[in-house]
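Below you'll find the structure, written out as structure tokens, and then a few comments.
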Amino acid sequence: EDSSNLALGVIEAEKYFRRSIKVAPEFGAAYVKLAKWYNSKGNYAEGIRLATKGLNVKIPDYYGLVERAGAYSNLHKDKEALADINRYIARGNGEKLQILRRASIYENLHQYDKALADYQSVLKKNYEDQVVFRELICLQALGRYDDALKEVNKLIARNKIDDAGYLARARLYSKMGKPKEAIADFTRVIELAEAVTIYKERAKEYEKIGRKDL
């Protein structure tokens with residue numbers, strides 16, 4: 001994890017992980033660390049194999065469930081990923097990061113109601129903009145546009161110069177068939193953080209109200 005010497009560091013890391021397996025082949029943590037190493041390289045099949053090994057030795061490391069879930073998710077095996085992350089959480093590891101991981105998997109499975117419940121449980125403990133944006137995606141996927149509007153209004157109220165918040169609301173207004181409100185928010189986004197794509201999105205809203213000149 002030494003960013004100043006990453007190329008050599010990963011080589012050294014692999015060497016010592018493999019040495020530790022030779023020294024203590026029934027110690028699961030070494031397999032799981034090596035699984036993480038392979039997952040970081042994109043070799044998810046080997047990551048799964050090693051994480052599974054780390055879970056099935058005499059001294060298992062249950063963080064292997066997290067590493068294996070991540071590998072499964074990257075291979076689009078979301079049902080398997082969900083089973084692993086649920087097993088890990090069931091062992092009393094329901095911290096924020098794992099709940100967010102599970103919510104992301106639920107989204108991949110289009111189980112937006114369950115993803116929403118996880119995001120909202122996180123927000124009750126710690127309000128974070130990025131989690132709100134995930135919440136908005138789920139609410140819209142469930143067709144709950146009015147609830148989504150309430151949540152994005154809360155977000156903007158907390159930070160009135162948050163261009164991402166105005167952008168999220170502008171796109172929501174567009175989906176709700178409210179072009180005038182969308183135009184107002186797109187205009188605010190342009191004032192805060194000008195971007196070509198926002199002009200294009202605002203142009204579409206002008207077309208909806210018959211103002212092709214604008």
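So you can find residues: chains in the structure tokens are A, B, ... in the order shown, residues in each start at 1, and ligands are numbered from 1 in order.
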
Problem set entry | Filtered DSSP result for chain A, state helix (DSSP H, G or I), as an MDAnalysis selection string | chainID A and resid 3:23 28:41 44:55 64:74 78:90 96:108 112:125 129:141 145:158 163:175 179:192 196:208

Exercise. Near Val189 (chain A), counting only C-alpha atoms, which residues have an atom at most 7 Å away, once you skip same-chain residues fewer than 3 positions from it, shown as a ChimeraX atom specification?
Worked result: /A:163,166-167,185-186,192-194

For this session: For Asn126 (chain A), please output as an MDAnalysis selection string all residues within 12 Å (counting only C-alpha atoms; exclusion window: fewer than 6 positions along the same chain).
Result: chainID A and resid 95:97 119:120 132

For this session: To one decimal in Å, tell me the separation between CA of Leu155 (chain A) and CA of Ala184 (chain A).
Result: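 We find that CA of Leu155 (chain A) and CA of Ala184 (chain A) lie 17.0 Å from each other.
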
Problem set entry | Gap from CA of Pro60 (chain A) to CA of Glu26 (chain A) - Å, one decimal |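 Separation of CA of Pro60 (chain A) and CA of Glu26 (chain A): 7.8 Å.
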
For this session: Determine, counting only C-alpha atoms, which protein, DNA and RNA residues have an atom within 12 Å of an atom of region 5-12 of chain A; residues of the same chain fewer than 2 positions away are not included. Present the result as number ranges by chain.
Result: A: 1-3, 14-19, 33-34, 36-38, 40-41

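Nearest to Tyr72 (chain A) of all the residues A:Ile48, A:Leu123, A:Ile85, A:Ala117 is A:Ile48, based on only C-alpha atoms.
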
For this session: Mind checking which residues fall within 12 Å of Met176 (chain A), counting only C-alpha atoms, ignoring those fewer than 5 positions away in the same chain, and posting them as an MDAnalysis selection string?
Result: chainID A and resid 140 143:149 169:171 181:182 205

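Of the residues listed (A:Gly54, A:Val66, A:Arg188, A:Lys150), A:Val66 shows the shortest atom-to-atom separation from Arg91 (chain A); distances use only C-alpha atoms.
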